[in-house]
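These notes concern the structure reproduced below.
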Amino acid sequence: ETAYDKYVASLSEGEYPVPCECFEQAQEEGELNIYDWAEWWPEELYTNFEKEFGIKIVRDNFASEPEVVAKFKLNPEMSYDMINGIGLRTTFQMIEIDALQELNHDWLPNAFNYIGPEFTETEQDPGCKYSIIDSCSFDAYYYNEKYVDDARLPSWGVLFEPEEKYRGRITVVDDMYKVLADALAYLGYPIDSDDEGELMEVRDLMMKFKPFILTFDSWPKRLMLEEEAWICGGSYAEGLMLHKENEGITSQAPLEPSRLTTEVMQIPIGAPHPAAAHLWMNYIFRPQVSAFMCEVIGMQPANPAAWQYLDEDMQEWLAGIPEGYVAGCREIGEKGLTGQGKELRTAIWEELKS
């Protein structure tokens, strides 16, 4: 019996093996260099993969998505095999700088036997040529119920036009595209608008909001748990993660649907271990692995076969999302990421942070 036969025989119902060619090449490669967020995905995902396949994982972490793009702009050939956890917008920017290699769909049966068209036909990467979405959520803000009581909940107005008592108690994510998308949604405009008049209204809103900001932070978990911050602009998924540690911290779907947040896996152009990268992606798309990952990070699985394995707490959290809400959210398109859309956002953001 070969190692491949043993691997195939070990799979549970609903799990598809990669082709023999991919498995054997991954075994020969023996290593997988992953670039991802620190302390985000559960550690067991990495250790279980290493144990099952005998492939050593070497991880490096980034602090923000703009950091990923900046790093690959300097050197698109960097020797990472896999980037986990960045969104569609960053994926679009990575495709633009030719930093990604095409995926071999035949080597990803767990993904392509399950994933639906809402995740494969995106504006940023039609047909999943360079990337694949493993989970999604949407922009929201989370808040500490001990301090925050506002009749406007859950409108974005609670965050962007706060009451005086929240001065210096609000954090926002250090990401101009995300924050300005949410402000545009609050004002009733498309989140990827490149209209100067609409963006100047956003600028005026942000300048009034500026004195209320405690800090710009990529993951303000500590500030919320230590109650230095009472409200934070982030995602619905982050709200669940914090709710697990402090039940007083909660999140709701904002009245004005904004940005779809997606987590995407992709293989850089200079990857030295591409078969191991495909094996990893196929492993993450196993229904039970996908469910476990999503329970920990609070996101919805892109693999519909994973939903049946989600625990009760997760099912309950997702049941709090109004029906059809996620379909009303979308990722920022090209108009907001290039040309005048990008220039105006950059100018607003620089003024806000100065």
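Going through the structure tokens in order, the chains are called A, B, and so on, while each chain numbers its residues from 1 and the ligands are numbered from 1 in the order shown.
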In segment 65-145 of chain A, DSSP strand (DSSP E or B) residues written as an MDAnalysis selection string = chainID A and resid 82:86 100 121 126 131:144
Contacts of segment 91-103 of chain A within 6 Å, only C-alpha atoms, excl. fewer than 6 positions in-chain, as a PyMOL selection string = chain A and resi 76+124+129-130+267-269
Output C-alpha atoms of each residue in that selection to a file, as a short mmCIF file (atom, residue, chain, number, x, y, z; two decimals), in the first residue's frame.
```
data_model
loop_
_atom_site.label_atom_id
_atom_site.label_comp_id
_atom_site.auth_asym_id
_atom_site.auth_seq_id
_atom_site.Cartn_x
_atom_site.Cartn_y
_atom_site.Cartn_z
CA PRO A 76 7.11 39.85 -6.49
CA GLN A 124 -11.76 41.00 -8.54
CA LYS A 129 -7.98 32.04 -11.57
CA TYR A 130 -5.51 33.20 -8.90
CA ILE A 267 -0.10 31.18 -4.14
CA PRO A 268 2.60 33.77 -4.92
CA ILE A 269 4.46 33.62 -8.23
#
```
Arg259 of chain A: which residues within 12 Å, counting only C-alpha atoms, same-chain residues fewer than 4 positions away excluded, as a PyMOL selection string?
-> chain A and resi 87-89+136-140+177-186+190-192+234-236+253-254+325-333
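Relative to atom CA of Glu351 of chain A, atom CA of Glu228 of chain A is found at 24.7 Å.
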Counting only C-alpha atoms, what is within 12 Å of Asn246 of chain A, bar same-chain residues fewer than 5 positions away, as a ChimeraX atom specification?
-> /A:142-146,221-222,224-227,239-241
Next, the residues of the selection above should be written as a short mmCIF file (atom, residue, chain, number, x, y, z; two decimals), in the first residue's frame with all heavy atoms.
```cif
data_model
loop_
_atom_site.label_atom_id
_atom_site.label_comp_id
_atom_site.auth_asym_id
_atom_site.auth_seq_id
_atom_site.Cartn_x
_atom_site.Cartn_y
_atom_site.Cartn_z
N TYR A 142 -18.22 46.69 16.67
CA TYR A 142 -18.61 46.00 17.89
C TYR A 142 -18.43 46.98 19.04
O TYR A 142 -17.67 47.94 18.95
CB TYR A 142 -17.82 44.70 18.10
CG TYR A 142 -16.39 44.70 17.65
CD1 TYR A 142 -15.36 44.93 18.55
CD2 TYR A 142 -16.06 44.45 16.31
CE1 TYR A 142 -14.03 44.90 18.14
CE2 TYR A 142 -14.73 44.44 15.89
CZ TYR A 142 -13.73 44.67 16.81
OH TYR A 142 -12.43 44.65 16.41
N TYR A 143 -19.17 46.74 20.11
CA TYR A 143 -19.20 47.73 21.19
C TYR A 143 -19.42 47.04 22.53
O TYR A 143 -19.90 45.90 22.60
CB TYR A 143 -20.31 48.75 20.93
CG TYR A 143 -21.70 48.14 20.76
CD1 TYR A 143 -22.57 48.03 21.85
CD2 TYR A 143 -22.13 47.66 19.52
CE1 TYR A 143 -23.82 47.46 21.71
CE2 TYR A 143 -23.38 47.08 19.37
CZ TYR A 143 -24.23 46.99 20.46
OH TYR A 143 -25.47 46.41 20.32
N ASN A 144 -19.03 47.72 23.59
CA ASN A 144 -19.19 47.21 24.95
C ASN A 144 -20.52 47.73 25.51
O ASN A 144 -20.70 48.93 25.71
CB ASN A 144 -18.02 47.68 25.82
CG ASN A 144 -17.98 46.95 27.15
OD1 ASN A 144 -19.00 46.67 27.75
ND2 ASN A 144 -16.77 46.65 27.60
N GLU A 145 -21.44 46.80 25.76
CA GLU A 145 -22.79 47.17 26.20
C GLU A 145 -22.80 47.90 27.55
O GLU A 145 -23.74 48.61 27.87
CB GLU A 145 -23.67 45.92 26.30
CG GLU A 145 -23.99 45.32 24.94
CD GLU A 145 -24.80 44.03 25.04
OE1 GLU A 145 -24.36 43.10 25.75
OE2 GLU A 145 -25.86 43.95 24.40
N LYS A 146 -21.74 47.72 28.31
CA LYS A 146 -21.62 48.39 29.62
C LYS A 146 -21.58 49.91 29.46
O LYS A 146 -22.06 50.65 30.32
CB LYS A 146 -20.31 47.89 30.28
CG LYS A 146 -20.13 48.27 31.73
CD LYS A 146 -19.11 47.31 32.34
CE LYS A 146 -17.88 48.01 32.84
NZ LYS A 146 -16.85 47.09 33.33
N LYS A 221 -7.93 44.21 19.69
CA LYS A 221 -8.50 43.27 20.66
C LYS A 221 -8.19 43.71 22.10
O LYS A 221 -9.08 43.77 22.94
CB LYS A 221 -7.90 41.88 20.37
CG LYS A 221 -8.39 40.77 21.26
CD LYS A 221 -7.73 39.46 20.84
CE LYS A 221 -8.05 38.35 21.82
NZ LYS A 221 -7.38 37.09 21.45
N ARG A 222 -6.93 44.01 22.38
CA ARG A 222 -6.53 44.36 23.75
C ARG A 222 -7.27 45.60 24.24
O ARG A 222 -7.75 45.65 25.37
CB ARG A 222 -5.01 44.60 23.80
CG ARG A 222 -4.47 44.91 25.19
CD ARG A 222 -3.04 45.42 25.17
NE ARG A 222 -2.88 46.66 24.44
CZ ARG A 222 -3.19 47.86 24.94
NH1 ARG A 222 -3.67 47.99 26.15
NH2 ARG A 222 -2.99 48.95 24.22
N MET A 224 -10.15 46.74 23.42
CA MET A 224 -11.56 46.45 23.73
C MET A 224 -11.67 45.63 25.01
O MET A 224 -12.50 45.90 25.87
CB MET A 224 -12.21 45.70 22.56
CG MET A 224 -12.53 46.55 21.35
SD MET A 224 -13.75 47.88 21.64
CE MET A 224 -15.27 46.95 21.87
N LEU A 225 -10.83 44.60 25.16
CA LEU A 225 -10.92 43.73 26.33
C LEU A 225 -10.53 44.47 27.62
O LEU A 225 -11.06 44.18 28.69
CB LEU A 225 -10.06 42.48 26.14
CG LEU A 225 -10.56 41.49 25.08
CD1 LEU A 225 -9.57 40.35 24.90
CD2 LEU A 225 -11.95 40.94 25.40
N GLU A 226 -9.60 45.42 27.51
CA GLU A 226 -9.19 46.19 28.70
C GLU A 226 -10.07 47.42 28.91
O GLU A 226 -9.81 48.23 29.80
CB GLU A 226 -7.71 46.57 28.58
CG GLU A 226 -6.80 45.35 28.68
CD GLU A 226 -5.32 45.68 28.51
OE1 GLU A 226 -4.98 46.88 28.45
OE2 GLU A 226 -4.52 44.72 28.44
N GLU A 227 -11.08 47.57 28.05
CA GLU A 227 -12.10 48.63 28.16
C GLU A 227 -11.53 50.04 28.01
O GLU A 227 -12.10 51.00 28.50
CB GLU A 227 -12.91 48.47 29.46
CG GLU A 227 -13.60 47.12 29.53
CD GLU A 227 -14.54 46.95 30.73
OE1 GLU A 227 -14.63 47.87 31.57
OE2 GLU A 227 -15.17 45.87 30.82
N GLY A 239 -16.31 40.66 16.12
CA GLY A 239 -17.23 40.84 17.24
C GLY A 239 -17.50 39.54 17.96
O GLY A 239 -17.54 39.49 19.20
N LEU A 240 -17.65 38.45 17.20
CA LEU A 240 -17.88 37.13 17.82
C LEU A 240 -16.65 36.69 18.62
O LEU A 240 -16.77 36.18 19.73
CB LEU A 240 -18.22 36.08 16.76
CG LEU A 240 -18.29 34.64 17.25
CD1 LEU A 240 -19.38 34.46 18.31
CD2 LEU A 240 -18.55 33.66 16.10
N MET A 241 -15.46 36.88 18.04
CA MET A 241 -14.24 36.47 18.74
C MET A 241 -14.12 37.17 20.10
O MET A 241 -13.77 36.56 21.10
CB MET A 241 -13.01 36.79 17.89
CG MET A 241 -12.90 35.93 16.65
SD MET A 241 -11.39 36.31 15.75
CE MET A 241 -10.18 35.42 16.70
#
```
Please identify all polymer residues within 9 Å of segment 279-293 of chain A, counting only C-alpha atoms, omitting same-chain residues fewer than 3 positions from it, and present them as an MDAnalysis selection string.
-> chainID A and resid 14:18 22:23 26 32 41:42 45 49 82 107:111 114 132 134:135 265:266 274:276 296:311
